Structure formats: structure tokens, C-alpha cells
$ cat structure.cif   # mmCIF, N, CA and C atoms
data_data
loop_
_atom_site.label_atom_id
_atom_site.label_comp_id
_atom_site.auth_asym_id
_atom_site.auth_seq_id
_atom_site.Cartn_x
_atom_site.Cartn_y
_atom_site.Cartn_z
N MET A 10 -20.75 -39.95 -1.73
CA MET A 10 -21.89 -40.84 -1.68
C MET A 10 -21.64 -42.09 -2.52
N GLU A 11 -20.91 -41.92 -3.61
CA GLU A 11 -20.61 -43.08 -4.46
C GLU A 11 -19.74 -44.09 -3.72
N ALA A 12 -18.77 -43.60 -2.95
CA ALA A 12 -17.91 -44.50 -2.17
C ALA A 12 -18.73 -45.24 -1.12
N VAL A 13 -19.64 -44.54 -0.46
CA VAL A 13 -20.48 -45.17 0.56
C VAL A 13 -21.33 -46.27 -0.07
N LYS A 14 -21.91 -46.01 -1.23
CA LYS A 14 -22.72 -47.02 -1.92
C LYS A 14 -21.91 -48.29 -2.18
N GLN A 15 -20.66 -48.12 -2.60
CA GLN A 15 -19.82 -49.27 -2.91
C GLN A 15 -19.38 -50.01 -1.65
N LEU A 16 -19.25 -49.30 -0.53
CA LEU A 16 -18.83 -49.93 0.72
C LEU A 16 -19.95 -50.72 1.37
N ARG A 17 -21.17 -50.31 1.16
CA ARG A 17 -22.31 -51.00 1.78
C ARG A 17 -22.53 -52.36 1.14
N GLY A 18 -23.02 -53.29 1.97
CA GLY A 18 -23.31 -54.62 1.46
C GLY A 18 -23.76 -55.51 2.59
N PRO A 19 -24.01 -56.77 2.31
CA PRO A 19 -24.48 -57.70 3.34
C PRO A 19 -23.49 -57.84 4.48
N LYS A 20 -24.04 -57.98 5.68
CA LYS A 20 -23.24 -58.16 6.89
C LYS A 20 -22.33 -59.38 6.74
N ASP A 21 -21.12 -59.29 7.29
CA ASP A 21 -20.11 -60.35 7.31
C ASP A 21 -19.48 -60.65 5.95
N THR A 22 -19.75 -59.82 4.93
CA THR A 22 -19.05 -59.99 3.66
C THR A 22 -17.82 -59.09 3.68
N LYS A 23 -16.85 -59.45 2.89
CA LYS A 23 -15.59 -58.70 2.88
C LYS A 23 -15.51 -57.78 1.66
N ILE A 24 -14.78 -56.69 1.84
CA ILE A 24 -14.52 -55.75 0.76
C ILE A 24 -13.08 -55.26 0.92
N THR A 25 -12.39 -55.09 -0.18
CA THR A 25 -11.02 -54.59 -0.14
C THR A 25 -10.99 -53.16 -0.65
N ILE A 26 -10.40 -52.28 0.16
CA ILE A 26 -10.23 -50.89 -0.24
C ILE A 26 -8.74 -50.59 -0.35
N THR A 27 -8.41 -49.61 -1.13
CA THR A 27 -7.02 -49.19 -1.28
C THR A 27 -6.87 -47.81 -0.67
N ILE A 28 -5.88 -47.68 0.23
CA ILE A 28 -5.65 -46.39 0.88
C ILE A 28 -4.26 -45.86 0.55
N LEU A 29 -4.13 -44.55 0.59
CA LEU A 29 -2.85 -43.90 0.39
C LEU A 29 -2.82 -42.69 1.30
N ARG A 30 -1.84 -42.64 2.20
CA ARG A 30 -1.69 -41.53 3.12
C ARG A 30 -0.46 -40.74 2.75
N GLU A 31 -0.37 -39.53 3.29
CA GLU A 31 0.76 -38.66 2.98
C GLU A 31 2.11 -39.31 3.27
N ASN A 32 2.19 -40.06 4.36
CA ASN A 32 3.47 -40.64 4.77
C ASN A 32 3.76 -42.01 4.11
N MET A 33 2.92 -42.44 3.17
CA MET A 33 3.11 -43.74 2.51
C MET A 33 3.71 -43.53 1.12
N ASN A 34 4.60 -44.44 0.73
CA ASN A 34 5.22 -44.37 -0.59
C ASN A 34 4.31 -44.90 -1.69
N LYS A 35 3.51 -45.91 -1.34
CA LYS A 35 2.62 -46.51 -2.34
C LYS A 35 1.29 -46.90 -1.69
N PRO A 36 0.24 -47.07 -2.48
CA PRO A 36 -1.05 -47.46 -1.94
C PRO A 36 -1.00 -48.83 -1.27
N LYS A 37 -1.92 -49.02 -0.31
CA LYS A 37 -1.98 -50.28 0.43
C LYS A 37 -3.42 -50.79 0.42
N ASP A 38 -3.58 -52.09 0.15
CA ASP A 38 -4.90 -52.71 0.19
C ASP A 38 -5.23 -53.12 1.61
N VAL A 39 -6.46 -52.86 2.02
CA VAL A 39 -6.96 -53.24 3.35
C VAL A 39 -8.30 -53.94 3.15
N THR A 40 -8.43 -55.12 3.75
CA THR A 40 -9.68 -55.87 3.64
C THR A 40 -10.51 -55.63 4.89
N LEU A 41 -11.76 -55.23 4.66
CA LEU A 41 -12.70 -54.94 5.75
C LEU A 41 -13.84 -55.95 5.71
N THR A 42 -14.39 -56.25 6.88
CA THR A 42 -15.57 -57.10 6.97
C THR A 42 -16.74 -56.19 7.31
N ARG A 43 -17.77 -56.23 6.49
CA ARG A 43 -18.94 -55.39 6.70
C ARG A 43 -19.68 -55.83 7.97
N ALA A 44 -20.23 -54.85 8.67
CA ALA A 44 -20.97 -55.13 9.90
C ALA A 44 -22.04 -54.07 10.08
N ILE A 45 -22.98 -54.36 10.93
CA ILE A 45 -24.00 -53.38 11.29
C ILE A 45 -23.41 -52.53 12.41
N ILE A 46 -23.39 -51.24 12.21
CA ILE A 46 -22.81 -50.34 13.19
C ILE A 46 -23.93 -49.79 14.07
N GLN A 47 -23.83 -50.07 15.35
CA GLN A 47 -24.81 -49.57 16.31
C GLN A 47 -24.30 -48.25 16.89
N VAL A 48 -24.98 -47.18 16.57
CA VAL A 48 -24.61 -45.88 17.11
C VAL A 48 -25.40 -45.66 18.39
N LYS A 49 -24.71 -45.40 19.47
CA LYS A 49 -25.37 -45.18 20.75
C LYS A 49 -26.05 -43.82 20.70
N SER A 50 -27.35 -43.80 20.93
CA SER A 50 -28.08 -42.54 20.79
C SER A 50 -28.02 -41.68 22.04
N VAL A 51 -27.68 -42.26 23.20
CA VAL A 51 -27.67 -41.50 24.45
C VAL A 51 -26.34 -41.68 25.17
N LYS A 52 -25.76 -40.55 25.56
CA LYS A 52 -24.56 -40.57 26.40
C LYS A 52 -24.89 -39.74 27.64
N TYR A 53 -24.33 -40.11 28.77
CA TYR A 53 -24.68 -39.41 30.00
C TYR A 53 -23.54 -39.47 31.01
N LYS A 54 -23.62 -38.53 31.97
CA LYS A 54 -22.65 -38.52 33.08
C LYS A 54 -23.20 -37.62 34.17
N LYS A 55 -22.64 -37.76 35.35
CA LYS A 55 -22.97 -36.86 36.45
C LYS A 55 -21.82 -35.86 36.52
N MET A 56 -22.16 -34.58 36.49
CA MET A 56 -21.16 -33.52 36.51
C MET A 56 -21.00 -32.99 37.92
N GLU A 57 -20.19 -31.96 38.05
CA GLU A 57 -19.97 -31.32 39.36
C GLU A 57 -21.28 -30.87 39.97
N ASP A 58 -21.31 -30.78 41.27
CA ASP A 58 -22.48 -30.30 42.02
C ASP A 58 -23.74 -31.13 41.76
N ASN A 59 -23.55 -32.42 41.44
CA ASN A 59 -24.68 -33.34 41.22
C ASN A 59 -25.64 -32.88 40.13
N ILE A 60 -25.08 -32.38 39.04
CA ILE A 60 -25.88 -32.03 37.87
C ILE A 60 -25.75 -33.17 36.87
N GLY A 61 -26.88 -33.68 36.43
CA GLY A 61 -26.87 -34.75 35.43
C GLY A 61 -26.77 -34.16 34.04
N TYR A 62 -26.11 -34.89 33.15
CA TYR A 62 -25.95 -34.46 31.75
C TYR A 62 -26.33 -35.63 30.86
N ILE A 63 -27.32 -35.42 29.98
CA ILE A 63 -27.72 -36.45 29.02
C ILE A 63 -27.68 -35.84 27.63
N ARG A 64 -26.94 -36.50 26.76
CA ARG A 64 -26.82 -36.04 25.35
C ARG A 64 -27.55 -37.03 24.46
N VAL A 65 -28.47 -36.52 23.64
CA VAL A 65 -29.18 -37.36 22.67
C VAL A 65 -28.61 -37.07 21.29
N ALA A 66 -27.97 -38.09 20.70
CA ALA A 66 -27.35 -37.92 19.38
C ALA A 66 -28.38 -38.05 18.27
N ALA A 67 -29.39 -38.90 18.46
CA ALA A 67 -30.47 -39.09 17.48
C ALA A 67 -31.57 -39.88 18.16
N PHE A 68 -32.80 -39.67 17.71
CA PHE A 68 -33.93 -40.41 18.26
C PHE A 68 -34.05 -41.74 17.52
N GLN A 69 -33.50 -42.78 18.14
CA GLN A 69 -33.49 -44.11 17.56
C GLN A 69 -34.46 -45.02 18.32
N GLU A 70 -34.50 -46.27 17.92
CA GLU A 70 -35.46 -47.25 18.43
C GLU A 70 -35.49 -47.36 19.96
N ARG A 71 -34.34 -47.21 20.62
CA ARG A 71 -34.26 -47.42 22.07
C ARG A 71 -33.90 -46.15 22.85
N THR A 72 -34.07 -44.99 22.26
CA THR A 72 -33.65 -43.75 22.91
C THR A 72 -34.37 -43.52 24.24
N ALA A 73 -35.68 -43.67 24.28
CA ALA A 73 -36.42 -43.44 25.53
C ALA A 73 -35.96 -44.42 26.60
N TYR A 74 -35.77 -45.67 26.23
CA TYR A 74 -35.29 -46.68 27.19
C TYR A 74 -33.92 -46.27 27.73
N GLU A 75 -33.03 -45.83 26.83
CA GLU A 75 -31.68 -45.43 27.25
C GLU A 75 -31.71 -44.20 28.16
N ILE A 76 -32.63 -43.27 27.92
CA ILE A 76 -32.73 -42.09 28.79
C ILE A 76 -33.23 -42.50 30.17
N ARG A 77 -34.22 -43.38 30.23
CA ARG A 77 -34.70 -43.86 31.54
C ARG A 77 -33.57 -44.54 32.31
N LYS A 78 -32.79 -45.34 31.60
CA LYS A 78 -31.65 -46.02 32.22
C LYS A 78 -30.63 -45.00 32.72
N ALA A 79 -30.34 -43.99 31.91
CA ALA A 79 -29.38 -42.94 32.30
C ALA A 79 -29.87 -42.20 33.53
N LEU A 80 -31.15 -41.83 33.55
CA LEU A 80 -31.71 -41.12 34.70
C LEU A 80 -31.60 -41.95 35.96
N LYS A 81 -31.83 -43.24 35.84
CA LYS A 81 -31.74 -44.13 36.99
C LYS A 81 -30.30 -44.20 37.51
N GLU A 82 -29.33 -44.28 36.59
CA GLU A 82 -27.93 -44.41 37.00
C GLU A 82 -27.36 -43.11 37.56
N ILE A 83 -27.66 -41.97 36.94
CA ILE A 83 -27.09 -40.72 37.45
C ILE A 83 -27.88 -40.16 38.62
N GLY A 84 -29.12 -40.63 38.80
CA GLY A 84 -29.94 -40.13 39.89
C GLY A 84 -30.08 -41.13 41.02
N GLU A 85 -28.97 -41.76 41.37
CA GLU A 85 -28.99 -42.79 42.43
C GLU A 85 -29.57 -42.24 43.72
N LYS A 86 -30.22 -43.10 44.50
CA LYS A 86 -30.94 -42.69 45.72
C LYS A 86 -30.04 -42.05 46.76
N ASN A 87 -28.84 -42.54 46.93
CA ASN A 87 -27.93 -42.02 47.96
C ASN A 87 -27.41 -40.63 47.61
N ASN A 88 -27.39 -40.31 46.32
CA ASN A 88 -26.78 -39.06 45.88
C ASN A 88 -27.58 -38.51 44.69
N PRO A 89 -28.83 -38.05 44.92
CA PRO A 89 -29.68 -37.62 43.81
C PRO A 89 -29.14 -36.36 43.12
N ILE A 90 -29.53 -36.21 41.84
CA ILE A 90 -29.08 -35.03 41.10
C ILE A 90 -29.92 -33.82 41.48
N LYS A 91 -29.31 -32.63 41.40
CA LYS A 91 -29.99 -31.38 41.71
C LYS A 91 -30.64 -30.77 40.47
N GLY A 92 -30.09 -31.11 39.32
CA GLY A 92 -30.58 -30.56 38.06
C GLY A 92 -30.14 -31.45 36.92
N LEU A 93 -30.64 -31.14 35.73
CA LEU A 93 -30.35 -31.97 34.57
C LEU A 93 -30.19 -31.11 33.33
N VAL A 94 -29.14 -31.38 32.55
CA VAL A 94 -28.96 -30.77 31.24
C VAL A 94 -29.32 -31.84 30.21
N LEU A 95 -30.31 -31.55 29.38
CA LEU A 95 -30.69 -32.44 28.29
C LEU A 95 -30.18 -31.80 27.01
N ASP A 96 -29.11 -32.34 26.46
CA ASP A 96 -28.41 -31.75 25.32
C ASP A 96 -28.94 -32.37 24.02
N LEU A 97 -29.63 -31.55 23.23
CA LEU A 97 -30.17 -32.00 21.95
C LEU A 97 -29.47 -31.31 20.78
N ARG A 98 -28.37 -30.62 21.06
CA ARG A 98 -27.66 -29.91 19.99
C ARG A 98 -27.19 -30.88 18.91
N ASN A 99 -27.27 -30.44 17.68
CA ASN A 99 -26.82 -31.20 16.50
C ASN A 99 -27.55 -32.53 16.33
N ASP A 100 -28.67 -32.70 16.99
CA ASP A 100 -29.46 -33.92 16.83
C ASP A 100 -30.19 -33.83 15.49
N PRO A 101 -29.97 -34.78 14.60
CA PRO A 101 -30.61 -34.69 13.27
C PRO A 101 -32.07 -35.12 13.28
N GLY A 102 -32.59 -35.54 14.43
CA GLY A 102 -33.98 -35.99 14.48
C GLY A 102 -34.02 -37.50 14.60
N GLY A 103 -34.95 -38.10 13.90
CA GLY A 103 -35.08 -39.56 13.94
C GLY A 103 -36.52 -39.97 14.07
N LEU A 104 -36.78 -40.95 14.92
CA LEU A 104 -38.12 -41.52 15.06
C LEU A 104 -39.03 -40.61 15.88
N LEU A 105 -40.14 -40.21 15.29
CA LEU A 105 -41.10 -39.36 15.99
C LEU A 105 -41.62 -40.05 17.24
N THR A 106 -41.88 -41.34 17.16
CA THR A 106 -42.41 -42.06 18.32
C THR A 106 -41.45 -41.98 19.51
N GLN A 107 -40.15 -42.02 19.25
CA GLN A 107 -39.18 -41.93 20.34
C GLN A 107 -39.08 -40.50 20.87
N ALA A 108 -39.17 -39.51 19.99
CA ALA A 108 -39.16 -38.11 20.44
C ALA A 108 -40.36 -37.84 21.35
N ILE A 109 -41.50 -38.41 21.02
CA ILE A 109 -42.70 -38.25 21.85
C ILE A 109 -42.50 -38.94 23.19
N GLU A 110 -41.98 -40.17 23.16
CA GLU A 110 -41.79 -40.92 24.40
C GLU A 110 -40.77 -40.24 25.31
N VAL A 111 -39.71 -39.69 24.74
CA VAL A 111 -38.71 -38.95 25.53
C VAL A 111 -39.36 -37.70 26.13
N SER A 112 -40.13 -36.97 25.34
CA SER A 112 -40.81 -35.78 25.85
C SER A 112 -41.72 -36.15 27.01
N ASP A 113 -42.41 -37.27 26.88
CA ASP A 113 -43.34 -37.72 27.91
C ASP A 113 -42.64 -38.02 29.24
N ILE A 114 -41.37 -38.37 29.19
CA ILE A 114 -40.60 -38.62 30.42
C ILE A 114 -40.50 -37.34 31.24
N PHE A 115 -40.36 -36.20 30.55
CA PHE A 115 -40.09 -34.94 31.23
C PHE A 115 -41.31 -34.04 31.40
N LEU A 116 -42.39 -34.29 30.67
CA LEU A 116 -43.57 -33.43 30.74
C LEU A 116 -44.65 -34.09 31.59
N LYS A 117 -45.26 -33.32 32.49
CA LYS A 117 -46.28 -33.87 33.39
C LYS A 117 -47.61 -34.07 32.69
N SER A 118 -47.98 -33.16 31.81
CA SER A 118 -49.28 -33.29 31.15
C SER A 118 -49.29 -32.48 29.86
N GLY A 119 -50.35 -32.66 29.10
CA GLY A 119 -50.51 -31.89 27.87
C GLY A 119 -50.22 -32.72 26.64
N ILE A 120 -50.67 -32.19 25.53
CA ILE A 120 -50.46 -32.85 24.24
C ILE A 120 -49.04 -32.55 23.78
N ILE A 121 -48.34 -33.58 23.35
CA ILE A 121 -46.95 -33.41 22.92
C ILE A 121 -46.89 -33.09 21.43
N VAL A 122 -47.65 -33.80 20.61
CA VAL A 122 -47.67 -33.59 19.17
C VAL A 122 -49.11 -33.62 18.70
N SER A 123 -49.47 -32.68 17.84
CA SER A 123 -50.82 -32.70 17.27
C SER A 123 -50.77 -32.09 15.87
N THR A 124 -51.85 -32.30 15.15
CA THR A 124 -52.01 -31.67 13.85
C THR A 124 -53.34 -30.91 13.89
N ARG A 125 -53.57 -30.12 12.88
CA ARG A 125 -54.85 -29.39 12.79
C ARG A 125 -55.51 -29.81 11.48
N ASP A 126 -56.85 -30.03 11.56
CA ASP A 126 -57.58 -30.42 10.37
C ASP A 126 -58.01 -29.18 9.59
N GLY A 127 -58.78 -29.39 8.54
CA GLY A 127 -59.21 -28.28 7.67
C GLY A 127 -60.09 -27.27 8.38
N LEU A 128 -60.68 -27.65 9.50
CA LEU A 128 -61.51 -26.72 10.28
C LEU A 128 -60.74 -26.13 11.46
N ASN A 129 -59.42 -26.29 11.44
CA ASN A 129 -58.51 -25.79 12.47
C ASN A 129 -58.74 -26.45 13.83
N ARG A 130 -59.26 -27.69 13.82
CA ARG A 130 -59.42 -28.45 15.06
C ARG A 130 -58.13 -29.22 15.34
N GLN A 131 -57.73 -29.20 16.60
CA GLN A 131 -56.50 -29.90 17.00
C GLN A 131 -56.76 -31.39 17.11
N ILE A 132 -55.87 -32.19 16.50
CA ILE A 132 -55.98 -33.64 16.55
C ILE A 132 -54.70 -34.18 17.19
N PRO A 133 -54.80 -34.70 18.43
CA PRO A 133 -53.60 -35.24 19.09
C PRO A 133 -53.03 -36.43 18.31
N TYR A 134 -51.73 -36.53 18.28
CA TYR A 134 -51.06 -37.64 17.61
C TYR A 134 -51.22 -38.89 18.47
N ARG A 135 -51.58 -39.98 17.89
CA ARG A 135 -51.68 -41.26 18.58
C ARG A 135 -50.65 -42.19 17.98
N GLN A 136 -49.81 -42.75 18.84
CA GLN A 136 -48.78 -43.66 18.34
C GLN A 136 -49.44 -44.91 17.77
N PRO A 137 -48.90 -45.39 16.62
CA PRO A 137 -49.46 -46.59 15.99
C PRO A 137 -49.27 -47.83 16.84
#

$ encode --input "structure.cif" --output "C-alpha cells"
Amino acid sequence: MEAVKQLRGPKDTKITITILRENMNKPKDVTLTRAIIQVKSVKYKKMEDNIGYIRVAAFQERTAYEIRKALKEIGEKNNPIKGLVLDLRNDPGGLLTQAIEVSDIFLKSGIIVSTRDGLNRQIPYRQP
């Protein structure tokens, strides 16, 4: 964690790190330029027998949009999918609003998220 703290900094600034690998005789300095790393939250493909596969790595700002896009691309009109695997394994979570929106894509009706008050009454979650 200490190394990560030192590596972080303003975008487009440079930092020099020193590396040493097993096959190197001496350490080598490498200069890196800091950048914002965009991790793609959705990966997808069409598998054998027209089965769609969508993997969600984390619920980020555009996850629901990316899933809709994936469904459109793998479910083309000329060759529709017969089934879908929605892979959420090892997903660390993320934005509740996106998890709700993704759930809403696949669920026809019903409350997706709710809480209960002190009188045990169900209170549906309303997105801000």
C-alpha cells in the first residue's frame, strides 16, 4: 500500500521507479507518466450454440449502459441468442445505482432493493 501511495499523483506527471529482475545484473530506472486508468467493467462474447456471455468485473458508472450495448451486439436480429450467462464471479461490488439499473434490465417487475423501518415496513430504494 505504501508503494501505491507513492505512485499515485496528478495525471500527466512523471515518476521514476527503480526495478530489478532476476535476470538483471543491476537495478534500472524507468520513468512513468501517471494517467487515469479506465477499467472496462463489462466484457462479452457470443459462445457456441448462440449463447451470450457477459462478464461484469465491477459496477461502475457506465456498467448498465455497457450491458445494454453488449446485449444489442451479441443479440443481433439475424442471429438472436438462445440464452445468456451473466457472470458476476469475483465482482467486488461498486455503485449501488448501477447494480439496481443492471438488475432492472433483466427483471420484469418487483422491488429490487429496499430497507425496513423500525416498524418492519418495507421502504423501496429510490435512486437519488

$ select_by_dssp --input "structure.cif" --residues "chain A" --states "alpha helix (DSSP H)" --output "number ranges by chain"
A: 11-16, 72-83, 105-115

$ resolve_selection --input "structure.cif" --expression "the PyMOL selection byres ((chain A and resi 50) around 6.5)" --output "VMD selection string"
chain A and resid 48 to 49 51 to 52 64 to 69 72

$ resolve_selection --input "structure.cif" --expression "the PyMOL selection byres ((chain A and resi 106) around 8)" --output "PDB file with N, CA and C atoms, in the coordinates of the input"
ATOM      1  N   PHE A  68     -32.800 -39.670  17.710  1.00  0.00           N
ATOM      2  CA  PHE A  68     -33.930 -40.410  18.260  1.00  0.00           C
ATOM      3  C   PHE A  68     -34.050 -41.740  17.520  1.00  0.00           C
ATOM      4  N   GLN A  69     -33.500 -42.780  18.140  1.00  0.00           N
ATOM      5  CA  GLN A  69     -33.490 -44.110  17.560  1.00  0.00           C
ATOM      6  C   GLN A  69     -34.460 -45.020  18.320  1.00  0.00           C
ATOM      7  N   ALA A  73     -35.680 -43.670  24.280  1.00  0.00           N
ATOM      8  CA  ALA A  73     -36.420 -43.440  25.530  1.00  0.00           C
ATOM      9  C   ALA A  73     -35.960 -44.420  26.600  1.00  0.00           C
ATOM     10  N   GLY A 103     -34.950 -38.100  13.900  1.00  0.00           N
ATOM     11  CA  GLY A 103     -35.080 -39.560  13.940  1.00  0.00           C
ATOM     12  C   GLY A 103     -36.520 -39.970  14.070  1.00  0.00           C
ATOM     13  N   LEU A 104     -36.780 -40.950  14.920  1.00  0.00           N
ATOM     14  CA  LEU A 104     -38.120 -41.520  15.060  1.00  0.00           C
ATOM     15  C   LEU A 104     -39.030 -40.610  15.880  1.00  0.00           C
ATOM     16  N   LEU A 105     -40.140 -40.210  15.290  1.00  0.00           N
ATOM     17  CA  LEU A 105     -41.100 -39.360  15.990  1.00  0.00           C
ATOM     18  C   LEU A 105     -41.620 -40.050  17.240  1.00  0.00           C
ATOM     19  N   GLN A 107     -40.150 -42.020  19.250  1.00  0.00           N
ATOM     20  CA  GLN A 107     -39.180 -41.930  20.340  1.00  0.00           C
ATOM     21  C   GLN A 107     -39.080 -40.500  20.870  1.00  0.00           C
ATOM     22  N   ALA A 108     -39.170 -39.510  19.990  1.00  0.00           N
ATOM     23  CA  ALA A 108     -39.160 -38.110  20.440  1.00  0.00           C
ATOM     24  C   ALA A 108     -40.360 -37.840  21.350  1.00  0.00           C
ATOM     25  N   ILE A 109     -41.500 -38.410  21.020  1.00  0.00           N
ATOM     26  CA  ILE A 109     -42.700 -38.250  21.850  1.00  0.00           C
ATOM     27  C   ILE A 109     -42.500 -38.940  23.190  1.00  0.00           C
ATOM     28  N   GLU A 110     -41.980 -40.170  23.160  1.00  0.00           N
ATOM     29  CA  GLU A 110     -41.790 -40.920  24.400  1.00  0.00           C
ATOM     30  C   GLU A 110     -40.770 -40.240  25.310  1.00  0.00           C
ATOM     31  N   VAL A 111     -39.710 -39.690  24.740  1.00  0.00           N
ATOM     32  CA  VAL A 111     -38.710 -38.950  25.530  1.00  0.00           C
ATOM     33  C   VAL A 111     -39.360 -37.700  26.130  1.00  0.00           C
ATOM     34  N   SER A 112     -40.130 -36.970  25.340  1.00  0.00           N
ATOM     35  CA  SER A 112     -40.810 -35.780  25.850  1.00  0.00           C
ATOM     36  C   SER A 112     -41.720 -36.150  27.010  1.00  0.00           C
ATOM     37  N   GLN A 136     -49.810 -42.750  18.840  1.00  0.00           N
ATOM     38  CA  GLN A 136     -48.780 -43.660  18.340  1.00  0.00           C
ATOM     39  C   GLN A 136     -49.440 -44.910  17.770  1.00  0.00           C
ATOM     40  N   PRO A 137     -48.900 -45.390  16.620  1.00  0.00           N
ATOM     41  CA  PRO A 137     -49.460 -46.590  15.990  1.00  0.00           C
ATOM     42  C   PRO A 137     -49.270 -47.830  16.840  1.00  0.00           C
TER      43      PRO A 137
END

$ resolve_selection --input "structure.cif" --expression "the PyMOL selection byres ((chain A and resi 16-21) around 6)" --output "list in words"
Ala12, Val13, Lys14, Gln15, Thr22, Lys23, Thr42, Arg43, Ala44 and Ile45 of chain A

$ closest_residue --input "structure.cif" --among "A:Ile28, A:Tyr62, A:Lys37, A:Ile132" --to "Leu93 (chain A)" --atoms "only N, CA and C atoms"
A:Tyr62

$ atom_distance --input "structure.cif" --atom1 "atom N of Arg135 (chain A)" --atom2 "CA of Leu116 (chain A)"
16.5 Å

$ select_by_dssp --input "structure.cif" --residues "chain A" --states "strand (DSSP E)" --output "ChimeraX atom specification"
/A:23-28,37-42,51-56,60-65,92-96,123-125,131-133

$ residues_around --input "structure.cif" --residues "Lys81 (chain A)" --least-positions-apart "5" --cutoff "12 Å" --atoms "only C-alpha atoms" --output "PyMOL selection string"
chain A and resi 53-55+61+63+74-76+86-90

$ write_last_selection --input "structure.cif" --atoms "N, CA and C atoms" --output "PDB file, in the frame of the given file"
ATOM      1  N   TYR A  53     -24.330 -40.110  28.770  1.00  0.00           N
ATOM      2  CA  TYR A  53     -24.680 -39.410  30.000  1.00  0.00           C
ATOM      3  C   TYR A  53     -23.540 -39.470  31.010  1.00  0.00           C
ATOM      4  N   LYS A  54     -23.620 -38.530  31.970  1.00  0.00           N
ATOM      5  CA  LYS A  54     -22.650 -38.520  33.080  1.00  0.00           C
ATOM      6  C   LYS A  54     -23.200 -37.620  34.170  1.00  0.00           C
ATOM      7  N   LYS A  55     -22.640 -37.760  35.350  1.00  0.00           N
ATOM      8  CA  LYS A  55     -22.970 -36.860  36.450  1.00  0.00           C
ATOM      9  C   LYS A  55     -21.820 -35.860  36.520  1.00  0.00           C
ATOM     10  N   GLY A  61     -26.880 -33.680  36.430  1.00  0.00           N
ATOM     11  CA  GLY A  61     -26.870 -34.750  35.430  1.00  0.00           C
ATOM     12  C   GLY A  61     -26.770 -34.160  34.040  1.00  0.00           C
ATOM     13  N   ILE A  63     -27.320 -35.420  29.980  1.00  0.00           N
ATOM     14  CA  ILE A  63     -27.720 -36.450  29.020  1.00  0.00           C
ATOM     15  C   ILE A  63     -27.680 -35.840  27.630  1.00  0.00           C
ATOM     16  N   TYR A  74     -35.770 -45.670  26.230  1.00  0.00           N
ATOM     17  CA  TYR A  74     -35.290 -46.680  27.190  1.00  0.00           C
ATOM     18  C   TYR A  74     -33.920 -46.270  27.730  1.00  0.00           C
ATOM     19  N   GLU A  75     -33.030 -45.830  26.830  1.00  0.00           N
ATOM     20  CA  GLU A  75     -31.680 -45.430  27.250  1.00  0.00           C
ATOM     21  C   GLU A  75     -31.710 -44.200  28.160  1.00  0.00           C
ATOM     22  N   ILE A  76     -32.630 -43.270  27.920  1.00  0.00           N
ATOM     23  CA  ILE A  76     -32.730 -42.090  28.790  1.00  0.00           C
ATOM     24  C   ILE A  76     -33.230 -42.500  30.170  1.00  0.00           C
ATOM     25  N   LYS A  86     -30.220 -43.100  44.500  1.00  0.00           N
ATOM     26  CA  LYS A  86     -30.940 -42.690  45.720  1.00  0.00           C
ATOM     27  C   LYS A  86     -30.040 -42.050  46.760  1.00  0.00           C
ATOM     28  N   ASN A  87     -28.840 -42.540  46.930  1.00  0.00           N
ATOM     29  CA  ASN A  87     -27.930 -42.020  47.960  1.00  0.00           C
ATOM     30  C   ASN A  87     -27.410 -40.630  47.610  1.00  0.00           C
ATOM     31  N   ASN A  88     -27.390 -40.310  46.320  1.00  0.00           N
ATOM     32  CA  ASN A  88     -26.780 -39.060  45.880  1.00  0.00           C
ATOM     33  C   ASN A  88     -27.580 -38.510  44.690  1.00  0.00           C
ATOM     34  N   PRO A  89     -28.830 -38.050  44.920  1.00  0.00           N
ATOM     35  CA  PRO A  89     -29.680 -37.620  43.810  1.00  0.00           C
ATOM     36  C   PRO A  89     -29.140 -36.360  43.120  1.00  0.00           C
ATOM     37  N   ILE A  90     -29.530 -36.210  41.840  1.00  0.00           N
ATOM     38  CA  ILE A  90     -29.080 -35.030  41.100  1.00  0.00           C
ATOM     39  C   ILE A  90     -29.920 -33.820  41.480  1.00  0.00           C
TER      40      ILE A  90
END

$ closest_residue --input "structure.cif" --among "A:Met10, A:Asp58, A:Arg77, A:Arg71" --to "Ile114 (chain A)" --atoms "all atoms listed in the file"
A:Arg77

$ atom_distance --input "structure.cif" --atom1 "atom N of Leu97 (chain A)" --atom2 "CA of Asp113 (chain A)"
15.7 Å

$ atom_distance --input "structure.cif" --atom1 "CA of Gln131 (chain A)" --atom2 "atom N of Pro101 (chain A)"
27.1 Å

$ axis_aligned_box --input "structure.cif" --around "region 37-49 of chain A" --padding-each-side "4 Å" --output "JSON"
{"center_x": -14.0, "center_y": -50.5, "center_z": 10.2, "size_x": 32.1, "size_y": 21.3, "size_z": 29.1}
